[in-house]
Amino acid sequence: MSIATQDANGTTLRQRYESVQARIAAAARRAGRRPEDVMLVVVSKSGSLDQVRELMQLGQVDFAENRVQQLLQRAAQVDEWRARRAELGGTAPAVRWHMIGSLQRNKVKKTVEVTRLVHSVDSLRLAEEIQAVAARRESPVEVLVEVNVSGEASKHGVAAGAVRHLVAQVDTMVNVRPRGLMCMAPLEGGLDAARSTFERCRELYEDIRQSGAGGERFDVLSMGMSGDFEVAVECGSNMVRVGGAVIGPPQVAEAPEDA
Ligand SMILES: *Cc1c(COP(=O)(O)O)cnc(C)c1O
């Protein structure tokens, strides 16, 4: 294990991880919230498998990937590692996988087999496919609806005006459970644009909660990445998806788009 290995920029994985945790906690306190009410999901897409294992040993449970192929591969490798540790009488730390990238319908079946939460439901057709696949499972598949708050053409997600209706439709599906909303800040405009995007998404989220359209367990607001997670927490995010600020310089090349 390379817990103490420094990168070129002189910090260790552990230092970056603890620093991100401390910054989340400080942002939560600034906003009058409890640090433990904000979940950190580490985006491992540019990290190595060794880094994932190291973070698991530091107590990190939730990890995200944005490509199905790498998600499935990582989930299998981590399972194997956990099984080996258990065989050797060690404790095998827990892990939960999140899918945060755009999901094609022909990849749904394999994805839901390993995923705790799909953050990127952006159409009724995708939700229906999840419902079809999930019908054979014991527990419903939990999903977030991805919102394209800024309306940028380059972004995935449902237009703000259509979100509540899609959430209500998903809530009628027996085997899919809407748990909340996910959004990303626009590429341009810096932290000011991020803040107005996050505030708007928070309004949509509160509106759906008050209307009851999302059902009883609609309680996740997934916003904030390495460059803007503190602003997101100040705007009410309770789940941040942080990659680079924890991982450091990329350890693996970006996986190709799912074919
Ligand atoms: C890559 C990614 C992240 C993490 O981005 P960083 O800037 O590395 O923190 C978060 N959310 C989504 C949807 C991503 O694709």
# chains A, B, ... in the order shown; residues from 1 in each chain; ligands from 1
call {"tool": "residues_around", "arguments": {"residues": "Asn175 (chain A)", "least_positions_apart": "4", "cutoff": "9 Å", "atoms": "only C-alpha atoms", "output": "PyMOL selection string"}}
result
chain A and resi 130-142
call {"tool": "write_last_selection", "arguments": {"atoms": "C-alpha atoms", "output": "mmCIF file, in the first residue's frame"}}
result
data_model
loop_
_atom_site.group_PDB
_atom_site.id
_atom_site.type_symbol
_atom_site.label_atom_id
_atom_site.label_comp_id
_atom_site.auth_asym_id
_atom_site.auth_seq_id
_atom_site.Cartn_x
_atom_site.Cartn_y
_atom_site.Cartn_z
ATOM 1 C CA ILE A 130 -34.625 0.589 -15.506
ATOM 2 C CA GLN A 131 -38.137 -0.367 -14.437
ATOM 3 C CA ALA A 132 -38.171 -3.280 -16.913
ATOM 4 C CA VAL A 133 -34.834 -4.577 -15.661
ATOM 5 C CA ALA A 134 -35.618 -3.950 -12.002
ATOM 6 C CA ALA A 135 -38.868 -5.864 -12.095
ATOM 7 C CA ARG A 136 -36.899 -9.027 -11.400
ATOM 8 C CA ARG A 137 -35.128 -7.598 -8.354
ATOM 9 C CA GLU A 138 -36.105 -7.623 -4.708
ATOM 10 C CA SER A 139 -35.448 -3.975 -4.010
ATOM 11 C CA PRO A 140 -36.200 -0.953 -6.190
ATOM 12 C CA VAL A 141 -33.421 0.763 -8.081
ATOM 13 C CA GLU A 142 -32.759 4.193 -6.587
#
call {"tool": "closest_atom_pairs", "arguments": {"of": "chain A", "to": "ligand 1", "cutoff": "9 Å", "atoms": "only C-alpha atoms and all ligand atoms", "output": "CSV"}}
result
residue,atom,partner,partner_atom_place_in_ligand_line,distance
A:Val41,CA,ligand 1,10 (C),8.9
A:Val42,CA,ligand 1,4 (C),7.9
A:Val43,CA,ligand 1,4 (C),5.4
A:Ser44,CA,ligand 1,1 (C),8.3
A:Lys45,CA,ligand 1,1 (C),6.8
A:Ser46,CA,ligand 1,8 (O),7.8
A:Ala64,CA,ligand 1,10 (C),8.2
A:Glu65,CA,ligand 1,15 (O),7.6
A:Asn66,CA,ligand 1,15 (O),5.6
A:Arg67,CA,ligand 1,15 (O),8.9
A:Met99,CA,ligand 1,13 (C),8.6
A:Ile100,CA,ligand 1,13 (C),4.9
A:Gly101,CA,ligand 1,13 (C),5.6
A:Ser102,CA,ligand 1,13 (C),8.4
A:His119,CA,ligand 1,13 (C),8.1
A:Ser120,CA,ligand 1,13 (C),8.0
A:Met182,CA,ligand 1,13 (C),8.6
A:Cys183,CA,ligand 1,13 (C),8.0
A:Met184,CA,ligand 1,13 (C),7.0
A:Ser222,CA,ligand 1,11 (N),9.0
A:Met223,CA,ligand 1,11 (N),8.0
A:Gly224,CA,ligand 1,10 (C),7.2
A:Met225,CA,ligand 1,9 (O),4.1
A:Ser226,CA,ligand 1,9 (O),3.6
A:Gly227,CA,ligand 1,7 (O),6.0
A:Asp228,CA,ligand 1,7 (O),8.4
A:Phe229,CA,ligand 1,9 (O),8.4
A:Val240,CA,ligand 1,10 (C),7.9
A:Arg241,CA,ligand 1,10 (C),4.7
A:Val242,CA,ligand 1,9 (O),3.8
A:Gly243,CA,ligand 1,8 (O),3.4
A:Gly244,CA,ligand 1,8 (O),3.8
A:Ala245,CA,ligand 1,9 (O),6.1
A:Val246,CA,ligand 1,9 (O),7.9
A:Ile247,CA,ligand 1,8 (O),8.0
A:Gly248,CA,ligand 1,8 (O),8.8
call {"tool": "residues_around", "arguments": {"residues": "region 147-152 of chain A", "least_positions_apart": "2", "cutoff": "12 Å", "atoms": "only C-alpha atoms", "output": "PDB file with N, CA, C and O atoms, in the first residue's frame"}}
result
ATOM      1  N   HIS A 119     -27.227   8.426 -10.798  1.00  0.00           N
ATOM      2  CA  HIS A 119     -27.435   9.877 -10.677  1.00  0.00           C
ATOM      3  C   HIS A 119     -27.949  10.511 -11.964  1.00  0.00           C
ATOM      4  O   HIS A 119     -28.205  11.706 -11.983  1.00  0.00           O
ATOM      5  N   SER A 120     -28.014   9.757 -13.045  1.00  0.00           N
ATOM      6  CA  SER A 120     -28.089  10.376 -14.366  1.00  0.00           C
ATOM      7  C   SER A 120     -29.307   9.960 -15.181  1.00  0.00           C
ATOM      8  O   SER A 120     -29.213   9.779 -16.384  1.00  0.00           O
ATOM      9  N   VAL A 121     -30.462   9.845 -14.512  1.00  0.00           N
ATOM     10  CA  VAL A 121     -31.676   9.543 -15.275  1.00  0.00           C
ATOM     11  C   VAL A 121     -32.165  10.837 -15.919  1.00  0.00           C
ATOM     12  O   VAL A 121     -32.437  11.816 -15.227  1.00  0.00           O
ATOM     13  N   ASP A 122     -32.222  10.837 -17.254  1.00  0.00           N
ATOM     14  CA  ASP A 122     -32.553  12.086 -17.935  1.00  0.00           C
ATOM     15  C   ASP A 122     -33.658  11.924 -18.972  1.00  0.00           C
ATOM     16  O   ASP A 122     -33.858  12.800 -19.797  1.00  0.00           O
ATOM     17  N   SER A 123     -34.362  10.788 -18.929  1.00  0.00           N
ATOM     18  CA  SER A 123     -35.503  10.640 -19.834  1.00  0.00           C
ATOM     19  C   SER A 123     -36.452   9.580 -19.290  1.00  0.00           C
ATOM     20  O   SER A 123     -36.053   8.704 -18.510  1.00  0.00           O
ATOM     21  N   LEU A 144     -31.508   9.325  -9.284  1.00  0.00           N
ATOM     22  CA  LEU A 144     -31.674  10.772  -9.259  1.00  0.00           C
ATOM     23  C   LEU A 144     -32.030  11.205 -10.675  1.00  0.00           C
ATOM     24  O   LEU A 144     -31.573  10.596 -11.648  1.00  0.00           O
ATOM     25  N   VAL A 145     -32.809  12.242 -10.779  1.00  0.00           N
ATOM     26  CA  VAL A 145     -33.078  12.826 -12.090  1.00  0.00           C
ATOM     27  C   VAL A 145     -32.061  13.940 -12.325  1.00  0.00           C
ATOM     28  O   VAL A 145     -31.871  14.819 -11.470  1.00  0.00           O
ATOM     29  N   SER A 154     -24.597  21.455 -24.473  1.00  0.00           N
ATOM     30  CA  SER A 154     -23.584  20.414 -24.259  1.00  0.00           C
ATOM     31  C   SER A 154     -23.895  19.537 -23.050  1.00  0.00           C
ATOM     32  O   SER A 154     -23.266  18.509 -22.843  1.00  0.00           O
ATOM     33  N   LYS A 155     -24.835  19.952 -22.244  1.00  0.00           N
ATOM     34  CA  LYS A 155     -25.095  19.226 -21.000  1.00  0.00           C
ATOM     35  C   LYS A 155     -26.211  18.194 -21.164  1.00  0.00           C
ATOM     36  O   LYS A 155     -27.172  18.413 -21.867  1.00  0.00           O
ATOM     37  N   HIS A 156     -26.044  17.092 -20.459  1.00  0.00           N
ATOM     38  CA  HIS A 156     -27.125  16.124 -20.374  1.00  0.00           C
ATOM     39  C   HIS A 156     -28.130  16.621 -19.352  1.00  0.00           C
ATOM     40  O   HIS A 156     -27.872  17.560 -18.604  1.00  0.00           O
ATOM     41  N   GLY A 157     -29.258  15.963 -19.296  1.00  0.00           N
ATOM     42  CA  GLY A 157     -30.211  16.304 -18.256  1.00  0.00           C
ATOM     43  C   GLY A 157     -31.507  16.855 -18.812  1.00  0.00           C
ATOM     44  O   GLY A 157     -31.606  17.248 -19.968  1.00  0.00           O
ATOM     45  N   VAL A 158     -32.500  16.859 -17.943  1.00  0.00           N
ATOM     46  CA  VAL A 158     -33.845  17.276 -18.298  1.00  0.00           C
ATOM     47  C   VAL A 158     -33.956  18.785 -18.086  1.00  0.00           C
ATOM     48  O   VAL A 158     -33.412  19.320 -17.122  1.00  0.00           O
ATOM     49  N   ALA A 159     -34.677  19.458 -18.952  1.00  0.00           N
ATOM     50  CA  ALA A 159     -34.902  20.895 -18.779  1.00  0.00           C
ATOM     51  C   ALA A 159     -35.614  21.149 -17.460  1.00  0.00           C
ATOM     52  O   ALA A 159     -36.449  20.348 -17.017  1.00  0.00           O
ATOM     53  N   ALA A 160     -35.283  22.286 -16.834  1.00  0.00           N
ATOM     54  CA  ALA A 160     -35.825  22.591 -15.508  1.00  0.00           C
ATOM     55  C   ALA A 160     -37.350  22.468 -15.479  1.00  0.00           C
ATOM     56  O   ALA A 160     -37.926  21.924 -14.534  1.00  0.00           O
ATOM     57  N   GLY A 161     -37.996  22.943 -16.530  1.00  0.00           N
ATOM     58  CA  GLY A 161     -39.452  22.942 -16.553  1.00  0.00           C
ATOM     59  C   GLY A 161     -40.071  21.555 -16.621  1.00  0.00           C
ATOM     60  O   GLY A 161     -41.278  21.396 -16.377  1.00  0.00           O
ATOM     61  N   ALA A 162     -39.293  20.552 -16.970  1.00  0.00           N
ATOM     62  CA  ALA A 162     -39.847  19.204 -17.146  1.00  0.00           C
ATOM     63  C   ALA A 162     -39.494  18.263 -16.000  1.00  0.00           C
ATOM     64  O   ALA A 162     -39.933  17.110 -15.968  1.00  0.00           O
ATOM     65  N   VAL A 163     -38.713  18.760 -15.039  1.00  0.00           N
ATOM     66  CA  VAL A 163     -38.168  17.873 -14.007  1.00  0.00           C
ATOM     67  C   VAL A 163     -39.261  17.288 -13.116  1.00  0.00           C
ATOM     68  O   VAL A 163     -39.310  16.080 -12.870  1.00  0.00           O
ATOM     69  N   ARG A 164     -40.140  18.163 -12.634  1.00  0.00           N
ATOM     70  CA  ARG A 164     -41.143  17.696 -11.669  1.00  0.00           C
ATOM     71  C   ARG A 164     -42.026  16.596 -12.280  1.00  0.00           C
ATOM     72  O   ARG A 164     -42.340  15.606 -11.627  1.00  0.00           O
ATOM     73  N   LEU A 166     -41.229  14.511 -14.714  1.00  0.00           N
ATOM     74  CA  LEU A 166     -40.489  13.257 -14.858  1.00  0.00           C
ATOM     75  C   LEU A 166     -40.343  12.556 -13.500  1.00  0.00           C
ATOM     76  O   LEU A 166     -40.527  11.337 -13.404  1.00  0.00           O
ATOM     77  N   VAL A 167     -40.061  13.333 -12.463  1.00  0.00           N
ATOM     78  CA  VAL A 167     -39.944  12.732 -11.127  1.00  0.00           C
ATOM     79  C   VAL A 167     -41.271  12.056 -10.742  1.00  0.00           C
ATOM     80  O   VAL A 167     -41.279  10.927 -10.233  1.00  0.00           O
ATOM     81  N   GLY A 180     -33.951  11.906  -5.698  1.00  0.00           N
ATOM     82  CA  GLY A 180     -33.586  13.315  -5.680  1.00  0.00           C
ATOM     83  C   GLY A 180     -33.138  13.810  -7.035  1.00  0.00           C
ATOM     84  O   GLY A 180     -33.477  13.215  -8.061  1.00  0.00           O
ATOM     85  N   LEU A 181     -32.374  14.905  -7.011  1.00  0.00           N
ATOM     86  CA  LEU A 181     -31.909  15.547  -8.238  1.00  0.00           C
ATOM     87  C   LEU A 181     -30.390  15.628  -8.266  1.00  0.00           C
ATOM     88  O   LEU A 181     -29.742  15.685  -7.224  1.00  0.00           O
ATOM     89  N   MET A 182     -29.858  15.650  -9.480  1.00  0.00           N
ATOM     90  CA  MET A 182     -28.420  15.859  -9.687  1.00  0.00           C
ATOM     91  C   MET A 182     -28.257  16.967 -10.715  1.00  0.00           C
ATOM     92  O   MET A 182     -29.048  17.069 -11.648  1.00  0.00           O
ATOM     93  N   CYS A 183     -27.271  17.831 -10.506  1.00  0.00           N
ATOM     94  CA  CYS A 183     -26.962  18.812 -11.547  1.00  0.00           C
ATOM     95  C   CYS A 183     -25.478  19.149 -11.552  1.00  0.00           C
ATOM     96  O   CYS A 183     -24.742  18.809 -10.614  1.00  0.00           O
ATOM     97  N   MET A 184     -25.065  19.796 -12.626  1.00  0.00           N
ATOM     98  CA  MET A 184     -23.682  20.275 -12.765  1.00  0.00           C
ATOM     99  C   MET A 184     -23.706  21.759 -13.076  1.00  0.00           C
ATOM    100  O   MET A 184     -24.622  22.245 -13.734  1.00  0.00           O
ATOM    101  N   ALA A 185     -22.667  22.456 -12.633  1.00  0.00           N
ATOM    102  CA  ALA A 185     -22.540  23.878 -12.938  1.00  0.00           C
ATOM    103  C   ALA A 185     -22.192  24.039 -14.415  1.00  0.00           C
ATOM    104  O   ALA A 185     -21.631  23.132 -15.025  1.00  0.00           O
ATOM    105  N   PRO A 186     -22.521  25.202 -15.001  1.00  0.00           N
ATOM    106  CA  PRO A 186     -22.118  25.425 -16.400  1.00  0.00           C
ATOM    107  C   PRO A 186     -20.604  25.487 -16.531  1.00  0.00           C
ATOM    108  O   PRO A 186     -19.899  25.752 -15.551  1.00  0.00           O
ATOM    109  N   LEU A 187     -20.120  25.210 -17.720  1.00  0.00           N
ATOM    110  CA  LEU A 187     -18.664  25.229 -17.943  1.00  0.00           C
ATOM    111  C   LEU A 187     -18.107  26.644 -17.816  1.00  0.00           C
ATOM    112  O   LEU A 187     -16.983  26.841 -17.374  1.00  0.00           O
ATOM    113  N   GLU A 188     -18.894  27.622 -18.226  1.00  0.00           N
ATOM    114  CA  GLU A 188     -18.442  29.013 -18.199  1.00  0.00           C
ATOM    115  C   GLU A 188     -19.071  29.739 -17.017  1.00  0.00           C
ATOM    116  O   GLU A 188     -20.091  29.316 -16.495  1.00  0.00           O
ATOM    117  N   GLY A 189     -18.425  30.840 -16.626  1.00  0.00           N
ATOM    118  CA  GLY A 189     -19.085  31.711 -15.650  1.00  0.00           C
ATOM    119  C   GLY A 189     -18.567  31.580 -14.242  1.00  0.00           C
ATOM    120  O   GLY A 189     -19.000  32.324 -13.355  1.00  0.00           O
ATOM    121  N   ALA A 193     -21.724  31.677 -11.605  1.00  0.00           N
ATOM    122  CA  ALA A 193     -22.667  30.894 -12.417  1.00  0.00           C
ATOM    123  C   ALA A 193     -22.982  29.580 -11.721  1.00  0.00           C
ATOM    124  O   ALA A 193     -24.132  29.112 -11.738  1.00  0.00           O
ATOM    125  N   ALA A 194     -21.975  28.992 -11.070  1.00  0.00           N
ATOM    126  CA  ALA A 194     -22.224  27.746 -10.332  1.00  0.00           C
ATOM    127  C   ALA A 194     -23.256  28.004  -9.237  1.00  0.00           C
ATOM    128  O   ALA A 194     -24.214  27.253  -9.076  1.00  0.00           O
ATOM    129  N   ARG A 195     -23.064  29.107  -8.502  1.00  0.00           N
ATOM    130  CA  ARG A 195     -23.975  29.394  -7.400  1.00  0.00           C
ATOM    131  C   ARG A 195     -25.417  29.575  -7.896  1.00  0.00           C
ATOM    132  O   ARG A 195     -26.351  29.014  -7.322  1.00  0.00           O
ATOM    133  N   SER A 196     -25.604  30.314  -8.974  1.00  0.00           N
ATOM    134  CA  SER A 196     -27.001  30.498  -9.403  1.00  0.00           C
ATOM    135  C   SER A 196     -27.596  29.202  -9.929  1.00  0.00           C
ATOM    136  O   SER A 196     -28.789  28.935  -9.737  1.00  0.00           O
ATOM    137  N   THR A 197     -26.771  28.362 -10.551  1.00  0.00           N
ATOM    138  CA  THR A 197     -27.267  27.051 -10.997  1.00  0.00           C
ATOM    139  C   THR A 197     -27.681  26.196  -9.794  1.00  0.00           C
ATOM    140  O   THR A 197     -28.756  25.590  -9.784  1.00  0.00           O
ATOM    141  N   PHE A 198     -26.835  26.170  -8.786  1.00  0.00           N
ATOM    142  CA  PHE A 198     -27.126  25.331  -7.611  1.00  0.00           C
ATOM    143  C   PHE A 198     -28.350  25.864  -6.857  1.00  0.00           C
ATOM    144  O   PHE A 198     -29.172  25.087  -6.360  1.00  0.00           O
ATOM    145  N   GLU A 199     -28.474  27.187  -6.797  1.00  0.00           N
ATOM    146  CA  GLU A 199     -29.648  27.749  -6.103  1.00  0.00           C
ATOM    147  C   GLU A 199     -30.934  27.382  -6.829  1.00  0.00           C
ATOM    148  O   GLU A 199     -31.942  27.042  -6.215  1.00  0.00           O
ATOM    149  N   ARG A 200     -30.879  27.447  -8.153  1.00  0.00           N
ATOM    150  CA  ARG A 200     -32.068  27.103  -8.946  1.00  0.00           C
ATOM    151  C   ARG A 200     -32.416  25.620  -8.765  1.00  0.00           C
ATOM    152  O   ARG A 200     -33.584  25.253  -8.626  1.00  0.00           O
ATOM    153  N   CYS A 201     -31.404  24.778  -8.748  1.00  0.00           N
ATOM    154  CA  CYS A 201     -31.648  23.339  -8.593  1.00  0.00           C
ATOM    155  C   CYS A 201     -32.227  23.055  -7.200  1.00  0.00           C
ATOM    156  O   CYS A 201     -33.119  22.229  -7.046  1.00  0.00           O
ATOM    157  N   ARG A 202     -31.715  23.753  -6.213  1.00  0.00           N
ATOM    158  CA  ARG A 202     -32.244  23.614  -4.851  1.00  0.00           C
ATOM    159  C   ARG A 202     -33.733  23.988  -4.808  1.00  0.00           C
ATOM    160  O   ARG A 202     -34.542  23.320  -4.149  1.00  0.00           O
ATOM    161  N   GLU A 203     -34.095  25.055  -5.531  1.00  0.00           N
ATOM    162  CA  GLU A 203     -35.509  25.460  -5.570  1.00  0.00           C
ATOM    163  C   GLU A 203     -36.368  24.366  -6.195  1.00  0.00           C
ATOM    164  O   GLU A 203     -37.453  24.057  -5.702  1.00  0.00           O
ATOM    165  N   LEU A 204     -35.878  23.801  -7.296  1.00  0.00           N
ATOM    166  CA  LEU A 204     -36.629  22.730  -7.954  1.00  0.00           C
ATOM    167  C   LEU A 204     -36.817  21.551  -7.000  1.00  0.00           C
ATOM    168  O   LEU A 204     -37.892  20.954  -6.906  1.00  0.00           O
ATOM    169  N   TYR A 205     -35.740  21.243  -6.293  1.00  0.00           N
ATOM    170  CA  TYR A 205     -35.747  20.122  -5.343  1.00  0.00           C
ATOM    171  C   TYR A 205     -36.757  20.375  -4.215  1.00  0.00           C
ATOM    172  O   TYR A 205     -37.590  19.512  -3.898  1.00  0.00           O
ATOM    173  N   LEU A 221     -29.817  15.692  -2.868  1.00  0.00           N
ATOM    174  CA  LEU A 221     -29.505  16.771  -3.799  1.00  0.00           C
ATOM    175  C   LEU A 221     -28.014  16.669  -4.121  1.00  0.00           C
ATOM    176  O   LEU A 221     -27.158  17.049  -3.318  1.00  0.00           O
ATOM    177  N   SER A 222     -27.718  16.081  -5.293  1.00  0.00           N
ATOM    178  CA  SER A 222     -26.336  15.771  -5.683  1.00  0.00           C
ATOM    179  C   SER A 222     -25.777  16.909  -6.524  1.00  0.00           C
ATOM    180  O   SER A 222     -26.091  17.047  -7.701  1.00  0.00           O
ATOM    181  N   MET A 223     -24.972  17.763  -5.912  1.00  0.00           N
ATOM    182  CA  MET A 223     -24.351  18.868  -6.630  1.00  0.00           C
ATOM    183  C   MET A 223     -22.990  19.165  -6.006  1.00  0.00           C
ATOM    184  O   MET A 223     -22.825  19.059  -4.797  1.00  0.00           O
TER     185      MET A 223
END
call {"tool": "select_by_dssp", "arguments": {"residues": "region 23-256 of chain A", "states": "strand (DSSP E or B)", "output": "VMD selection string"}}
result
chain A and resid 39 to 43 62 to 65 96 to 99 115 to 121 141 to 148 158 to 159 176 to 183 220 to 222 239 to 242
call {"tool": "closest_residue", "arguments": {"among": "A:Leu49, A:Val231, A:Ile24, A:Val78", "to": "Asp37 (chain A)", "atoms": "only C-alpha atoms"}}
result
A:Ile24
call {"tool": "residues_around", "arguments": {"residues": "Ala28 (chain A)", "least_positions_apart": "2", "cutoff": "10 Å", "atoms": "only C-alpha atoms", "output": "list in words"}}
result
Ala22, Arg23, Ile24, Ala25, Ala26, Arg30, Ala31, Gly32, Arg33, Arg34, Pro35, Glu36, Asp37, Val38, Glu230, Val231, Ala232, Val233, Glu234, Cys235, Gly236, Ser237 and Asn238 of chain A
call {"tool": "closest_residue", "arguments": {"among": "A:Arg29, A:Arg53, A:His165, A:Arg74", "to": "Leu124 (chain A)", "atoms": "only C-alpha atoms"}}
result
A:His165
call {"tool": "select_by_dssp", "arguments": {"residues": "region 11-258 of chain A", "states": "helix (DSSP H, G or I)", "output": "PyMOL selection string"}}
result
chain A and resi 13-30+35-37+49-57+68-87+105-114+124-134+160-171+190-211+229-234+244-247
call {"tool": "closest_residue", "arguments": {"among": "A:Trp97, A:Phe63, A:Trp81, A:Tyr17", "to": "Leu117 (chain A)", "atoms": "only C-alpha atoms"}}
result
A:Trp97
call {"tool": "closest_residue", "arguments": {"among": "A:Thr115, A:Ala153, A:Glu146, A:Ala168", "to": "Ser211 (chain A)", "atoms": "only C-alpha atoms"}}
result
A:Ala168
call {"tool": "closest_residue", "arguments": {"among": "A:Ala94, A:Val68, A:Gln73, A:Val174", "to": "Val118 (chain A)", "atoms": "only C-alpha atoms"}}
result
A:Val68
call {"tool": "closest_residue", "arguments": {"among": "A:Ala75, A:Val220, A:Arg179, A:Asp258", "to": "Lys107 (chain A)", "atoms": "only C-alpha atoms"}}
result
A:Asp258
call {"tool": "atom_distance", "arguments": {"atom1": "CA of Arg96 (chain A)", "atom2": "CA of Gly212 (chain A)"}}
result
27.6 Å
call {"tool": "decode", "arguments": {"residues": "region 121-136 of chain A", "atoms": "N, CA, C and O atoms", "output": "PDB file, in the first residue's frame"}}
result
ATOM      1  N   VAL A 121     -30.462   9.845 -14.512  1.00  0.00           N
ATOM      2  CA  VAL A 121     -31.676   9.543 -15.275  1.00  0.00           C
ATOM      3  C   VAL A 121     -32.165  10.837 -15.919  1.00  0.00           C
ATOM      4  O   VAL A 121     -32.437  11.816 -15.227  1.00  0.00           O
ATOM      5  N   ASP A 122     -32.222  10.837 -17.254  1.00  0.00           N
ATOM      6  CA  ASP A 122     -32.553  12.086 -17.935  1.00  0.00           C
ATOM      7  C   ASP A 122     -33.658  11.924 -18.972  1.00  0.00           C
ATOM      8  O   ASP A 122     -33.858  12.800 -19.797  1.00  0.00           O
ATOM      9  N   SER A 123     -34.362  10.788 -18.929  1.00  0.00           N
ATOM     10  CA  SER A 123     -35.503  10.640 -19.834  1.00  0.00           C
ATOM     11  C   SER A 123     -36.452   9.580 -19.290  1.00  0.00           C
ATOM     12  O   SER A 123     -36.053   8.704 -18.510  1.00  0.00           O
ATOM     13  N   LEU A 124     -37.691   9.675 -19.731  1.00  0.00           N
ATOM     14  CA  LEU A 124     -38.681   8.672 -19.342  1.00  0.00           C
ATOM     15  C   LEU A 124     -38.300   7.302 -19.901  1.00  0.00           C
ATOM     16  O   LEU A 124     -38.444   6.279 -19.234  1.00  0.00           O
ATOM     17  N   ARG A 125     -37.768   7.299 -21.121  1.00  0.00           N
ATOM     18  CA  ARG A 125     -37.391   6.012 -21.727  1.00  0.00           C
ATOM     19  C   ARG A 125     -36.329   5.297 -20.904  1.00  0.00           C
ATOM     20  O   ARG A 125     -36.382   4.077 -20.737  1.00  0.00           O
ATOM     21  N   LEU A 126     -35.366   6.045 -20.402  1.00  0.00           N
ATOM     22  CA  LEU A 126     -34.329   5.424 -19.581  1.00  0.00           C
ATOM     23  C   LEU A 126     -34.939   4.890 -18.277  1.00  0.00           C
ATOM     24  O   LEU A 126     -34.639   3.772 -17.856  1.00  0.00           O
ATOM     25  N   ALA A 127     -35.800   5.669 -17.669  1.00  0.00           N
ATOM     26  CA  ALA A 127     -36.453   5.219 -16.432  1.00  0.00           C
ATOM     27  C   ALA A 127     -37.278   3.961 -16.684  1.00  0.00           C
ATOM     28  O   ALA A 127     -37.300   3.033 -15.867  1.00  0.00           O
ATOM     29  N   GLU A 128     -37.942   3.919 -17.830  1.00  0.00           N
ATOM     30  CA  GLU A 128     -38.755   2.737 -18.163  1.00  0.00           C
ATOM     31  C   GLU A 128     -37.886   1.496 -18.367  1.00  0.00           C
ATOM     32  O   GLU A 128     -38.277   0.386 -18.009  1.00  0.00           O
ATOM     33  N   GLU A 129     -36.724   1.700 -18.942  1.00  0.00           N
ATOM     34  CA  GLU A 129     -35.807   0.576 -19.118  1.00  0.00           C
ATOM     35  C   GLU A 129     -35.336   0.066 -17.752  1.00  0.00           C
ATOM     36  O   GLU A 129     -35.236  -1.144 -17.527  1.00  0.00           O
ATOM     37  N   ILE A 130     -35.034   0.994 -16.858  1.00  0.00           N
ATOM     38  CA  ILE A 130     -34.625   0.589 -15.506  1.00  0.00           C
ATOM     39  C   ILE A 130     -35.767  -0.176 -14.835  1.00  0.00           C
ATOM     40  O   ILE A 130     -35.550  -1.215 -14.209  1.00  0.00           O
ATOM     41  N   GLN A 131     -36.974   0.319 -15.007  1.00  0.00           N
ATOM     42  CA  GLN A 131     -38.137  -0.367 -14.437  1.00  0.00           C
ATOM     43  C   GLN A 131     -38.246  -1.797 -14.984  1.00  0.00           C
ATOM     44  O   GLN A 131     -38.468  -2.749 -14.239  1.00  0.00           O
ATOM     45  N   ALA A 132     -38.052  -1.955 -16.287  1.00  0.00           N
ATOM     46  CA  ALA A 132     -38.171  -3.280 -16.913  1.00  0.00           C
ATOM     47  C   ALA A 132     -37.133  -4.240 -16.332  1.00  0.00           C
ATOM     48  O   ALA A 132     -37.429  -5.397 -16.019  1.00  0.00           O
ATOM     49  N   VAL A 133     -35.922  -3.749 -16.172  1.00  0.00           N
ATOM     50  CA  VAL A 133     -34.834  -4.577 -15.661  1.00  0.00           C
ATOM     51  C   VAL A 133     -35.023  -4.861 -14.170  1.00  0.00           C
ATOM     52  O   VAL A 133     -34.754  -5.952 -13.681  1.00  0.00           O
ATOM     53  N   ALA A 134     -35.514  -3.849 -13.457  1.00  0.00           N
ATOM     54  CA  ALA A 134     -35.618  -3.950 -12.002  1.00  0.00           C
ATOM     55  C   ALA A 134     -36.784  -4.809 -11.559  1.00  0.00           C
ATOM     56  O   ALA A 134     -36.840  -5.220 -10.395  1.00  0.00           O
ATOM     57  N   ALA A 135     -37.681  -5.094 -12.462  1.00  0.00           N
ATOM     58  CA  ALA A 135     -38.868  -5.864 -12.095  1.00  0.00           C
ATOM     59  C   ALA A 135     -38.488  -7.218 -11.512  1.00  0.00           C
ATOM     60  O   ALA A 135     -39.227  -7.797 -10.729  1.00  0.00           O
ATOM     61  N   ARG A 136     -37.322  -7.706 -11.885  1.00  0.00           N
ATOM     62  CA  ARG A 136     -36.899  -9.027 -11.400  1.00  0.00           C
ATOM     63  C   ARG A 136     -36.092  -8.941 -10.109  1.00  0.00           C
ATOM     64  O   ARG A 136     -35.570  -9.935  -9.639  1.00  0.00           O
TER      65      ARG A 136
END
